[in-house]
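Printed here is query-v7.pdb (PDB, C-alpha atoms and all ligand atoms):
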```pdb
MODEL        1
ATOM      1  CA  MET A   1      -3.807 -21.825 -35.000
ATOM      2  CA  SER A   2      -6.611 -23.709 -36.637
ATOM      3  CA  ASN A   3     -10.210 -23.622 -35.394
ATOM      4  CA  GLU A   4      -9.554 -26.822 -33.468
ATOM      5  CA  PHE A   5      -7.666 -24.797 -30.893
ATOM      6  CA  LYS A   6     -10.366 -22.198 -30.294
ATOM      7  CA  TRP A   7     -12.746 -22.100 -27.353
ATOM      8  CA  ILE A   8     -15.974 -20.263 -27.975
ATOM      9  CA  ASP A   9     -18.379 -19.114 -25.299
ATOM     10  CA  GLU A  10     -21.223 -16.594 -25.328
ATOM     11  CA  ASP A  11     -20.749 -15.631 -21.696
ATOM     12  CA  ALA A  12     -17.981 -13.027 -21.508
ATOM     13  CA  ASP A  13     -17.539 -13.709 -17.777
ATOM     14  CA  ASN A  14     -16.140 -17.134 -18.629
ATOM     15  CA  PHE A  15     -13.028 -15.387 -19.863
ATOM     16  CA  LEU A  16     -12.439 -13.545 -16.598
ATOM     17  CA  PHE A  17     -10.363 -15.856 -14.466
ATOM     18  CA  VAL A  18      -7.056 -16.237 -12.683
ATOM     19  CA  PRO A  19      -4.946 -18.643 -14.757
ATOM     20  CA  GLY A  20      -3.982 -21.673 -12.744
ATOM     21  CA  ALA A  21      -6.391 -20.814  -9.909
ATOM     22  CA  ASP A  22      -9.875 -20.975 -11.462
ATOM     23  CA  ASP A  23     -10.802 -24.222 -13.195
ATOM     24  CA  LYS A  24     -11.793 -23.895 -16.854
ATOM     25  CA  PRO A  25     -12.961 -26.615 -19.269
ATOM     26  CA  TRP A  26      -9.948 -26.063 -21.511
ATOM     27  CA  ASN A  27      -7.351 -26.515 -18.743
ATOM     28  CA  ASN A  28      -6.690 -30.163 -19.513
ATOM     29  CA  ALA A  29      -7.552 -30.145 -23.214
ATOM     30  CA  GLU A  30      -4.977 -32.106 -25.135
ATOM     31  CA  LYS A  31      -4.502 -29.465 -27.766
ATOM     32  CA  GLY A  32      -4.213 -26.549 -25.387
ATOM     33  CA  TRP A  33      -0.875 -24.794 -24.950
ATOM     34  CA  LYS A  34       1.268 -26.213 -22.164
ATOM     35  CA  LYS A  35       3.935 -24.210 -20.437
ATOM     36  CA  PRO A  36       7.321 -25.798 -21.036
ATOM     37  CA  ASN A  37       9.331 -26.725 -17.999
ATOM     38  CA  TYR A  38      11.805 -23.876 -17.880
ATOM     39  CA  ASP A  39      11.858 -20.413 -16.383
ATOM     40  CA  LEU A  40      13.805 -17.271 -17.101
ATOM     41  CA  TYR A  41      13.321 -15.936 -13.588
ATOM     42  CA  ASN A  42      14.381 -17.145 -10.177
ATOM     43  CA  PRO A  43      11.389 -18.876  -8.527
ATOM     44  CA  ASP A  44      12.763 -18.172  -5.029
ATOM     45  CA  ARG A  45      12.031 -14.956  -3.173
ATOM     46  CA  VAL A  46      14.978 -12.957  -1.816
ATOM     47  CA  ASP A  47      14.910 -13.590   1.931
ATOM     48  CA  MET A  48      14.128 -10.693   4.211
ATOM     49  CA  GLU A  49      16.454 -10.286   7.177
ATOM     50  CA  GLU A  50      14.850 -10.076  10.584
ATOM     51  CA  LEU A  51      15.994  -9.056  14.027
ATOM     52  CA  HIS A  52      17.434 -11.924  16.063
ATOM     53  CA  PRO A  53      14.861 -13.293  18.574
ATOM     54  CA  GLU A  54      17.105 -12.339  21.502
ATOM     55  CA  GLU A  55      17.117  -8.713  20.395
ATOM     56  CA  ARG A  56      13.344  -8.814  19.836
ATOM     57  CA  ASP A  57      12.853 -10.095  23.343
ATOM     58  CA  LYS A  58      14.374  -7.016  24.893
ATOM     59  CA  SER A  59      13.078  -4.218  22.678
ATOM     60  CA  PHE A  60      10.389  -2.822  20.418
ATOM     61  CA  ILE A  61      12.820  -2.354  17.512
ATOM     62  CA  GLU A  62      11.259  -3.129  14.123
ATOM     63  CA  ILE A  63      11.592  -6.851  13.402
ATOM     64  CA  VAL A  64      11.814  -6.714   9.607
ATOM     65  CA  LYS A  65      15.018  -5.050   8.461
ATOM     66  CA  GLY A  66      14.148  -4.068   4.876
ATOM     67  CA  TYR A  67      15.915  -4.867   1.594
ATOM     68  CA  SER A  68      19.362  -3.598   0.665
ATOM     69  CA  LYS A  69      19.817  -2.251  -2.858
ATOM     70  CA  GLU A  70      21.260  -5.555  -4.113
ATOM     71  CA  GLN A  71      18.421  -7.534  -2.552
ATOM     72  CA  ALA A  72      15.738  -5.202  -3.930
ATOM     73  CA  LEU A  73      17.222  -5.346  -7.447
ATOM     74  CA  ALA A  74      17.358  -9.146  -7.352
ATOM     75  CA  GLU A  75      13.768  -9.377  -6.110
ATOM     76  CA  ALA A  76      12.480  -6.794  -8.619
ATOM     77  CA  ASP A  77      14.185  -8.742 -11.376
ATOM     78  CA  ARG A  78      11.746 -11.637 -10.891
ATOM     79  CA  CYS A  79       8.701  -9.592 -11.992
ATOM     80  CA  VAL A  80       7.348 -10.466 -15.441
ATOM     81  CA  GLU A  81       5.141  -7.321 -15.587
ATOM     82  CA  CYS A  82       1.899  -9.242 -16.115
ATOM     83  CA  GLY A  83      -0.058  -6.696 -14.005
ATOM     84  CA  ILE A  84      -2.499  -9.118 -12.321
ATOM     85  CA  CYS A  85      -1.441  -7.655  -8.985
ATOM     86  CA  THR A  86      -2.677  -4.169  -9.944
ATOM     87  CA  ALA A  87      -6.237  -5.431 -10.377
ATOM     88  CA  THR A  88      -6.122  -7.158  -6.994
ATOM     89  CA  CYS A  89      -4.534  -4.313  -5.004
ATOM     90  CA  THR A  90      -7.369  -2.436  -3.293
ATOM     91  CA  ALA A  91      -5.733   0.867  -4.260
ATOM     92  CA  HIS A  92      -4.928  -0.424  -7.787
ATOM     93  CA  MET A  93      -1.348   0.720  -7.380
ATOM     94  CA  GLY A  94       0.967   0.710 -10.403
ATOM     95  CA  ILE A  95       2.874  -2.298  -9.051
ATOM     96  CA  PRO A  96       4.735  -3.507 -12.168
ATOM     97  CA  GLU A  97       5.615   0.133 -12.892
ATOM     98  CA  TYR A  98       7.176   0.796  -9.485
ATOM     99  CA  ILE A  99       8.962  -2.553  -9.553
ATOM    100  CA  LYS A 100      10.360  -1.551 -12.939
ATOM    101  CA  ALA A 101      11.534   1.749 -11.414
ATOM    102  CA  ILE A 102      13.497  -0.301  -8.851
ATOM    103  CA  ARG A 103      15.058  -2.336 -11.661
ATOM    104  CA  ASN A 104      16.032   0.939 -13.360
ATOM    105  CA  ASP A 105      17.363   2.202 -10.012
ATOM    106  CA  ASP A 106      15.119   5.251 -10.420
ATOM    107  CA  LEU A 107      13.609   5.461  -6.935
ATOM    108  CA  GLU A 108      12.329   8.999  -7.418
ATOM    109  CA  GLU A 109      10.148   7.771 -10.271
ATOM    110  CA  GLY A 110       9.152   4.874  -8.000
ATOM    111  CA  LEU A 111       8.012   7.358  -5.343
ATOM    112  CA  ARG A 112       5.941   9.323  -7.869
ATOM    113  CA  ILE A 113       4.200   6.091  -8.907
ATOM    114  CA  LEU A 114       3.495   5.178  -5.257
ATOM    115  CA  TYR A 115       1.965   8.568  -4.480
ATOM    116  CA  ASP A 116      -0.206   8.461  -7.550
ATOM    117  CA  THR A 117      -2.535   6.026  -5.799
ATOM    118  CA  ASN A 118      -1.336   5.774  -2.187
ATOM    119  CA  PRO A 119      -0.348   8.631   0.139
ATOM    120  CA  LEU A 120       0.789   6.257   2.928
ATOM    121  CA  PRO A 121       3.679   4.296   1.377
ATOM    122  CA  GLU A 122       5.856   3.843   4.498
ATOM    123  CA  ILE A 123       2.848   2.517   6.379
ATOM    124  CA  CYS A 124       1.449   0.323   3.584
ATOM    125  CA  GLY A 125       4.987  -0.854   2.766
ATOM    126  CA  ARG A 126       4.985  -2.440   6.214
ATOM    127  CA  ILE A 127       1.475  -3.432   7.232
ATOM    128  CA  CYS A 128      -0.777  -3.701   4.159
ATOM    129  CA  THR A 129      -2.280  -7.168   3.779
ATOM    130  CA  HIS A 130      -0.633  -7.580   0.334
ATOM    131  CA  LYS A 131      -3.508  -9.335  -1.441
ATOM    132  CA  CYS A 132      -1.498  -8.604  -4.609
ATOM    133  CA  GLU A 133       1.012 -11.265  -3.552
ATOM    134  CA  THR A 134      -1.668 -13.969  -3.378
ATOM    135  CA  VAL A 135      -2.311 -13.616  -7.128
ATOM    136  CA  CYS A 136       1.231 -12.816  -8.340
ATOM    137  CA  SER A 137       1.761 -15.026 -11.378
ATOM    138  CA  ILE A 138       5.255 -16.024 -10.215
ATOM    139  CA  GLY A 139       3.499 -17.680  -7.268
ATOM    140  CA  HIS A 140       2.113 -20.384  -9.571
ATOM    141  CA  ASN A 141       5.603 -21.762  -9.972
ATOM    142  CA  GLY A 142       7.664 -20.429  -7.086
ATOM    143  CA  ASP A 143       7.411 -17.721  -4.437
ATOM    144  CA  PRO A 144       5.255 -14.690  -5.310
ATOM    145  CA  LEU A 145       7.084 -11.377  -5.574
ATOM    146  CA  SER A 146       7.731  -9.554  -2.294
ATOM    147  CA  ILE A 147       5.588  -6.673  -3.518
ATOM    148  CA  ARG A 148       5.022  -5.074  -0.143
ATOM    149  CA  TRP A 149       8.710  -5.095   0.824
ATOM    150  CA  LEU A 150       9.612  -3.565  -2.558
ATOM    151  CA  LYS A 151       7.132  -0.755  -1.930
ATOM    152  CA  ARG A 152       8.731  -0.205   1.460
ATOM    153  CA  TYR A 153      12.181  -0.155  -0.158
ATOM    154  CA  ILE A 154      11.203   2.779  -2.399
ATOM    155  CA  ALA A 155       9.641   4.738   0.479
ATOM    156  CA  ASP A 156      12.581   4.015   2.825
ATOM    157  CA  GLN A 157      15.245   5.030   0.345
ATOM    158  CA  ASN A 158      13.778   8.432  -0.534
ATOM    159  CA  PRO A 159      14.635  11.008   2.167
ATOM    160  CA  SER A 160      11.579  12.822   3.511
ATOM    161  CA  GLU A 161      13.128  16.270   2.973
ATOM    162  CA  LYS A 162      13.169  15.625  -0.786
ATOM    163  CA  PHE A 163       9.564  14.410  -1.093
ATOM    164  CA  LYS A 164       8.066  17.768  -2.113
ATOM    165  CA  GLU A 165      10.687  18.359  -4.762
ATOM    166  CA  ILE A 166      10.391  14.806  -6.155
ATOM    167  CA  LEU A 167       6.589  14.864  -6.145
ATOM    168  CA  GLY A 168       6.388  18.400  -7.566
ATOM    169  CA  THR A 169       4.234  19.706  -4.710
ATOM    170  CA  ASP A 170       6.298  22.729  -3.671
ATOM    171  CA  THR A 171       3.587  25.147  -4.738
ATOM    172  CA  ILE A 172      -0.109  24.288  -4.890
ATOM    173  CA  GLU A 173      -2.674  26.741  -6.222
ATOM    174  CA  GLN A 174      -5.388  27.317  -3.601
ATOM    175  CA  ASN A 175      -9.072  27.320  -4.584
ATOM    176  CA  GLY A 176     -10.289  29.230  -1.508
ATOM    177  CA  LYS A 177     -12.504  26.405  -0.200
ATOM    178  CA  LYS A 178     -12.242  24.803   3.230
ATOM    179  CA  VAL A 179     -12.858  21.176   4.191
ATOM    180  CA  ALA A 180     -13.178  19.805   7.725
ATOM    181  CA  ILE A 181     -12.027  16.210   8.183
ATOM    182  CA  ILE A 182     -13.062  14.205  11.230
ATOM    183  CA  GLY A 183     -10.429  11.645  12.200
ATOM    184  CA  SER A 184      -6.749  11.356  11.264
ATOM    185  CA  GLY A 185      -6.716   7.655  10.439
ATOM    186  CA  PRO A 186      -5.891   6.348   6.955
ATOM    187  CA  SER A 187      -9.088   7.614   5.319
ATOM    188  CA  GLY A 188      -8.902  11.090   6.872
ATOM    189  CA  LEU A 189      -5.227  11.444   5.971
ATOM    190  CA  SER A 190      -5.814  10.197   2.408
ATOM    191  CA  ALA A 191      -8.713  12.589   1.935
ATOM    192  CA  ALA A 192      -6.596  15.468   3.291
ATOM    193  CA  HIS A 193      -3.713  14.566   0.960
ATOM    194  CA  TYR A 194      -5.712  14.464  -2.257
ATOM    195  CA  LEU A 195      -7.927  17.444  -1.351
ATOM    196  CA  ALA A 196      -4.840  19.519  -0.466
ATOM    197  CA  LEU A 197      -3.336  18.700  -3.872
ATOM    198  CA  MET A 198      -6.577  19.966  -5.459
ATOM    199  CA  GLY A 199      -6.176  23.282  -3.629
ATOM    200  CA  TYR A 200      -8.593  22.812  -0.708
ATOM    201  CA  SER A 201      -7.611  24.067   2.716
ATOM    202  CA  CYS A 202      -8.005  21.040   5.024
ATOM    203  CA  THR A 203      -8.351  20.913   8.802
ATOM    204  CA  ILE A 204      -8.371  17.510  10.490
ATOM    205  CA  PHE A 205     -10.026  17.137  13.911
ATOM    206  CA  GLU A 206      -8.495  14.298  15.936
ATOM    207  CA  LYS A 207      -9.761  13.282  19.342
ATOM    208  CA  LEU A 208      -6.476  11.625  20.406
ATOM    209  CA  PRO A 209      -3.158  13.396  21.119
ATOM    210  CA  LYS A 210      -1.458  12.036  17.965
ATOM    211  CA  ALA A 211      -2.448  11.375  14.366
ATOM    212  CA  GLY A 212      -2.715   7.998  12.648
ATOM    213  CA  GLY A 213      -5.790   6.368  14.199
ATOM    214  CA  MET A 214      -5.579   2.575  14.366
ATOM    215  CA  MET A 215      -2.260   2.642  12.518
ATOM    216  CA  ARG A 216      -0.689   4.297  15.566
ATOM    217  CA  TYR A 217      -2.900   3.068  18.387
ATOM    218  CA  GLY A 218      -3.670  -0.451  17.137
ATOM    219  CA  ILE A 219      -0.371  -1.728  15.721
ATOM    220  CA  PRO A 220       2.700  -2.373  17.896
ATOM    221  CA  GLU A 221       5.832  -0.340  17.224
ATOM    222  CA  TYR A 222       7.959  -3.377  16.324
ATOM    223  CA  ARG A 223       5.669  -3.927  13.308
ATOM    224  CA  LEU A 224       5.068  -0.294  12.416
ATOM    225  CA  PRO A 225       7.574   2.138  13.969
ATOM    226  CA  TYR A 226       6.140   5.503  15.009
ATOM    227  CA  ASP A 227       8.814   7.466  13.121
ATOM    228  CA  GLN A 228       7.699   5.804   9.873
ATOM    229  CA  ILE A 229       4.054   6.723  10.538
ATOM    230  CA  ASP A 230       5.280  10.271  11.152
ATOM    231  CA  LYS A 231       7.212  10.310   7.873
ATOM    232  CA  ASP A 232       3.993   9.736   5.904
ATOM    233  CA  ILE A 233       1.959  12.143   8.043
ATOM    234  CA  ASP A 234       4.592  14.910   8.043
ATOM    235  CA  TYR A 235       4.595  14.957   4.258
ATOM    236  CA  ILE A 236       0.795  15.378   4.223
ATOM    237  CA  LEU A 237       1.108  18.200   6.773
ATOM    238  CA  SER A 238       3.752  19.843   4.601
ATOM    239  CA  LEU A 239       1.044  20.294   1.942
ATOM    240  CA  GLY A 240      -0.647  22.787   4.292
ATOM    241  CA  VAL A 241      -2.987  20.354   6.074
ATOM    242  CA  GLU A 242      -3.641  21.301   9.697
ATOM    243  CA  ILE A 243      -4.489  18.866  12.506
ATOM    244  CA  LYS A 244      -6.299  19.934  15.681
ATOM    245  CA  TYR A 245      -5.574  17.313  18.365
ATOM    246  CA  ASN A 246      -7.624  16.369  21.442
ATOM    247  CA  VAL A 247     -10.831  17.623  19.835
ATOM    248  CA  THR A 248     -13.928  15.423  19.790
ATOM    249  CA  ILE A 249     -16.531  16.430  17.251
ATOM    250  CA  GLY A 250     -19.995  16.327  18.769
ATOM    251  CA  LYS A 251     -18.577  17.160  22.184
ATOM    252  CA  ASP A 252     -15.943  19.919  21.935
ATOM    253  CA  ILE A 253     -17.250  21.204  18.606
ATOM    254  CA  LYS A 254     -20.748  20.573  17.269
ATOM    255  CA  LEU A 255     -21.314  19.324  13.729
ATOM    256  CA  GLU A 256     -23.501  22.398  13.117
ATOM    257  CA  GLN A 257     -20.454  24.549  13.818
ATOM    258  CA  LEU A 258     -18.397  22.673  11.219
ATOM    259  CA  GLU A 259     -21.220  23.140   8.731
ATOM    260  CA  LYS A 260     -21.057  26.894   9.311
ATOM    261  CA  ASP A 261     -17.270  27.197   9.226
ATOM    262  CA  PHE A 262     -16.442  24.891   6.300
ATOM    263  CA  ASP A 263     -17.574  24.263   2.729
ATOM    264  CA  ALA A 264     -17.616  20.498   3.231
ATOM    265  CA  VAL A 265     -17.098  17.876   5.946
ATOM    266  CA  PHE A 266     -15.470  14.455   5.502
ATOM    267  CA  SER A 267     -15.987  11.956   8.297
ATOM    268  CA  GLY A 268     -13.560   9.072   8.794
ATOM    269  CA  THR A 269     -14.052   8.223  12.435
ATOM    270  CA  GLY A 270     -12.828   4.629  12.266
ATOM    271  CA  LEU A 271     -13.924   1.554  14.185
ATOM    272  CA  HIS A 272     -12.069   1.508  17.467
ATOM    273  CA  LEU A 273     -14.392  -0.844  19.331
ATOM    274  CA  GLY A 274     -13.125  -4.383  19.833
ATOM    275  CA  ARG A 275     -15.134  -7.338  18.574
ATOM    276  CA  SER A 276     -16.371  -9.782  21.168
ATOM    277  CA  THR A 277     -16.179 -13.541  20.775
ATOM    278  CA  ARG A 278     -19.724 -13.597  22.267
ATOM    279  CA  ILE A 279     -18.695 -16.478  24.532
ATOM    280  CA  PRO A 280     -19.875 -15.898  28.105
ATOM    281  CA  GLY A 281     -16.994 -15.497  30.537
ATOM    282  CA  THR A 282     -14.311 -14.371  28.099
TER     283      THR A 282
HETATM  284  S1  LIG B 301       1.648 -10.269 -10.527
HETATM  285 FE1  LIG B 301       3.817 -10.571  -9.865
HETATM  286  S2  LIG B 301       4.927 -10.871 -11.796
HETATM  287 FE2  LIG B 301       2.952  -9.956 -12.366
HETATM  288  S3  LIG B 301       3.338  -7.716 -12.426
HETATM  289 FE3  LIG B 301       2.606  -8.201 -10.359
HETATM  290  S4  LIG B 301       4.500  -8.521  -9.169
HETATM  291 FE4  LIG B 301       5.074  -8.667 -11.332
ENDMDL
END
```
Write out the structure in this file as structure tokens.
Amino acid sequence: MSNEFKWIDEDADNFLFVPGADDKPWNNAEKGWKKPNYDLYNPDRVDMEELHPEERDKSFIEIVKGYSKEQALAEADRCVECGICTATCTAHMGIPEYIKAIRNDDLEEGLRILYDTNPLPEICGRICTHKCETVCSIGHNGDPLSIRWLKRYIADQNPSEKFKEILGTDTIEQNGKKVAIIGSGPSGLSAAHYLALMGYSCTIFEKLPKAGGMMRYGIPEYRLPYDQIDKDIDYILSLGVEIKYNVTIGKDIKLEQLEKDFDAVFSGTGLHLGRSTRIPGT
């Protein structure tokens, strides 16, 4: 290209933008490159099957059914591997990489990529807020990729009894240090997972009778089935993590005691209080 086609700016931030979403002075420049009107991918998302309303009425069965292999392959095939989604995902998951693993029908590799950055794939594959999909570049000219449902597809298809073998976590060298974790919600479980992989002996103290925090006690079963929460948690427990239920720190066990008994304490107590509308009478 000649110099006529160059845009020069001294502020580097001007070049950080989401194409098509953030306005830039060169957007409508006559000599700028214009995308021709054809696509190599299908702009339409593969529909997700859902439970019939009559069945929903009478049960707490999960509403969303999940992709079949054919559906997942067709959906994964729409990804152009641009990687914008990775920057937007709060966990910076390797999204184009795990979608590529689906295209290659290598779901074990897909699982390894998921666990690299996210130890709760069954849960996040169902209830994460999928900010990645709001920036997916396919969404500028069609439906964004069903990133969350593809993540769920990988987690669903791998049987839990093979997780340790696939993820290479059969034997973990211990470092002799102990960590106490307060709360078994997403942060406590994530901390336990990664610390256990580093060789720390982790004990989680949970004040409720079951683990999962708001994921279990705040989300209805038809959106997030309990057996799927357990699948994620059971794998973390299989790494040697222990959970002590019905124990409230500060009441049943004092913090000073934890300080004595452990090398470190991680606190992830969550935010279980509801938020008021602050309107009198509600
Ligand atoms: S933004 Fe969309 S098209 Fe780009 S890598 Fe992510 S899923 Fe694929």
Spell out the residues picked by the PyMOL selection byres (((not hetatm)) within 6 of (chain B and resi 301)) here, as a PDB file with C-alpha atoms, in the coordinates of the input.
```
ATOM      1  CA  CYS A  79       8.701  -9.592 -11.992  1.00  0.00           C
ATOM      2  CA  VAL A  80       7.348 -10.466 -15.441  1.00  0.00           C
ATOM      3  CA  GLU A  81       5.141  -7.321 -15.587  1.00  0.00           C
ATOM      4  CA  CYS A  82       1.899  -9.242 -16.115  1.00  0.00           C
ATOM      5  CA  GLY A  83      -0.058  -6.696 -14.005  1.00  0.00           C
ATOM      6  CA  ILE A  84      -2.499  -9.118 -12.321  1.00  0.00           C
ATOM      7  CA  CYS A  85      -1.441  -7.655  -8.985  1.00  0.00           C
ATOM      8  CA  PRO A  96       4.735  -3.507 -12.168  1.00  0.00           C
ATOM      9  CA  CYS A 136       1.231 -12.816  -8.340  1.00  0.00           C
ATOM     10  CA  SER A 137       1.761 -15.026 -11.378  1.00  0.00           C
ATOM     11  CA  ILE A 138       5.255 -16.024 -10.215  1.00  0.00           C
ATOM     12  CA  LEU A 145       7.084 -11.377  -5.574  1.00  0.00           C
TER      13      LEU A 145
END
```
**OP:** Evaluate the PyMOL selection byres (((chain A and resi 108-112) around 8) and not hetatm) on the structure here and hand back the selected residues as a PyMOL selection string.
**Re:** chain A and resi 97-99+101-102+106-107+113-116+154-155+158+166-167
Subject >> Residues matched by the PyMOL selection byres (((chain A and resi 192) around 8) and not hetatm), written as a VMD selection string >> reply: chain A and resid 181 188 to 191 193 to 196 202 to 204 236 241
Can I get the selected residues back with C-alpha atoms, as a PDB file, keeping the file's coordinate frame?
```
ATOM      1  CA  ILE A 181     -12.027  16.210   8.183  1.00  0.00           C
ATOM      2  CA  GLY A 188      -8.902  11.090   6.872  1.00  0.00           C
ATOM      3  CA  LEU A 189      -5.227  11.444   5.971  1.00  0.00           C
ATOM      4  CA  SER A 190      -5.814  10.197   2.408  1.00  0.00           C
ATOM      5  CA  ALA A 191      -8.713  12.589   1.935  1.00  0.00           C
ATOM      6  CA  HIS A 193      -3.713  14.566   0.960  1.00  0.00           C
ATOM      7  CA  TYR A 194      -5.712  14.464  -2.257  1.00  0.00           C
ATOM      8  CA  LEU A 195      -7.927  17.444  -1.351  1.00  0.00           C
ATOM      9  CA  ALA A 196      -4.840  19.519  -0.466  1.00  0.00           C
ATOM     10  CA  CYS A 202      -8.005  21.040   5.024  1.00  0.00           C
ATOM     11  CA  THR A 203      -8.351  20.913   8.802  1.00  0.00           C
ATOM     12  CA  ILE A 204      -8.371  17.510  10.490  1.00  0.00           C
ATOM     13  CA  ILE A 236       0.795  15.378   4.223  1.00  0.00           C
ATOM     14  CA  VAL A 241      -2.987  20.354   6.074  1.00  0.00           C
TER      15      VAL A 241
END
```
Subject >> Contact residues around region 218-235 of chain A with all atoms listed in the file at 8 Å, ignoring same-chain residues under 4 positions, as a list in words >> reply: Phe60, Ile61, Glu62, Ile63, Val64, Pro119, Leu120, Pro121, Glu122, Ile123, Arg126, Ile127, Ser160, Phe163, Lys164, Leu189, Ala211, Gly212, Gly213, Met214 and Leu239 of chain A
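Using only C-alpha atoms for every distance, the candidate list A:Lys24, A:His140, A:Arg152, A:Lys177 yields A:Arg152 as the residue closest to Lys65 (chain A).
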All file atoms of region 133-148 of chain A boxed axis-aligned, 4 Å per side, centre plus edges, as lines of an AutoDock Vina configuration file:
```
center_x = 2.7
center_y = -13.4
center_z = -5.8
size_x = 18.0
size_y = 24.7
size_z = 19.2
```
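A straight line drawn from CA of Asn42 (chain A) to CA of Tyr67 (chain A) is 17.1 Å long.
What separates CA of Val46 (chain A) from CA of Gly142 (chain A) is a distance of 11.7 Å.
Take CA of Cys89 (chain A) and CA of Val18 (chain A): the distance between them is 14.4 Å.
By only C-alpha atoms, and with residues fewer than 3 positions from Ile147 (chain A) along its chain excluded, the set lying at most 8 Å from it is Ile95, His130, Cys132, Glu133, Leu150 and Lys151 of chain A.
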Limited to C-alpha atoms, could you put the picked residues into a file as an mmCIF file, in the frame of the given file?
```
data_model
loop_
_atom_site.group_PDB
_atom_site.id
_atom_site.type_symbol
_atom_site.label_atom_id
_atom_site.label_comp_id
_atom_site.auth_asym_id
_atom_site.auth_seq_id
_atom_site.Cartn_x
_atom_site.Cartn_y
_atom_site.Cartn_z
ATOM 1 C CA ILE A 95 2.874 -2.298 -9.051
ATOM 2 C CA HIS A 130 -0.633 -7.580 0.334
ATOM 3 C CA CYS A 132 -1.498 -8.604 -4.609
ATOM 4 C CA GLU A 133 1.012 -11.265 -3.552
ATOM 5 C CA LEU A 150 9.612 -3.565 -2.558
ATOM 6 C CA LYS A 151 7.132 -0.755 -1.930
#
```
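Proximity to Phe266 (chain A) was assessed for A:Lys31, A:Lys178, A:Lys100, A:Lys251 counting all atoms listed in the file; the smallest distance is recorded for A:Lys178.
Look at Ser187 (chain A): the protein and nucleic acid residues within 9 Å of it, using all atoms listed in the file and passing over chain neighbours fewer than 6 places away, are A:Ser267, A:Gly268, A:Thr269, A:Gly270.
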Original post:
With all atoms listed in the file as the atoms that count, which of A:Gly240, A:Pro144, A:Gly250, A:Pro186 lies nearest to Ser201 (chain A)?
Top reply: A:Gly240
Hey, what's within 6 Å of Asp143 (chain A) if we count all atoms listed in the file and toss same-chain stuff fewer than 2 positions away? As a PDB file with C-alpha atoms, keeping the file's coordinate frame, please?
```
ATOM      1  CA  PRO A  43      11.389 -18.876  -8.527  1.00  0.00           C
ATOM      2  CA  ASP A  44      12.763 -18.172  -5.029  1.00  0.00           C
ATOM      3  CA  ARG A  45      12.031 -14.956  -3.173  1.00  0.00           C
ATOM      4  CA  GLY A 139       3.499 -17.680  -7.268  1.00  0.00           C
TER       5      GLY A 139
END
```
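For the point (-5.5, 20.6, 15.0), the residues with at least one atom inside 10 Å, counting only C-alpha atoms, are Thr203, Ile204, Phe205, Glu206, Lys207, Pro209, Lys210, Ala211, Val241, Glu242, Ile243, Lys244, Tyr245, Asn246 and Val247 of chain A.
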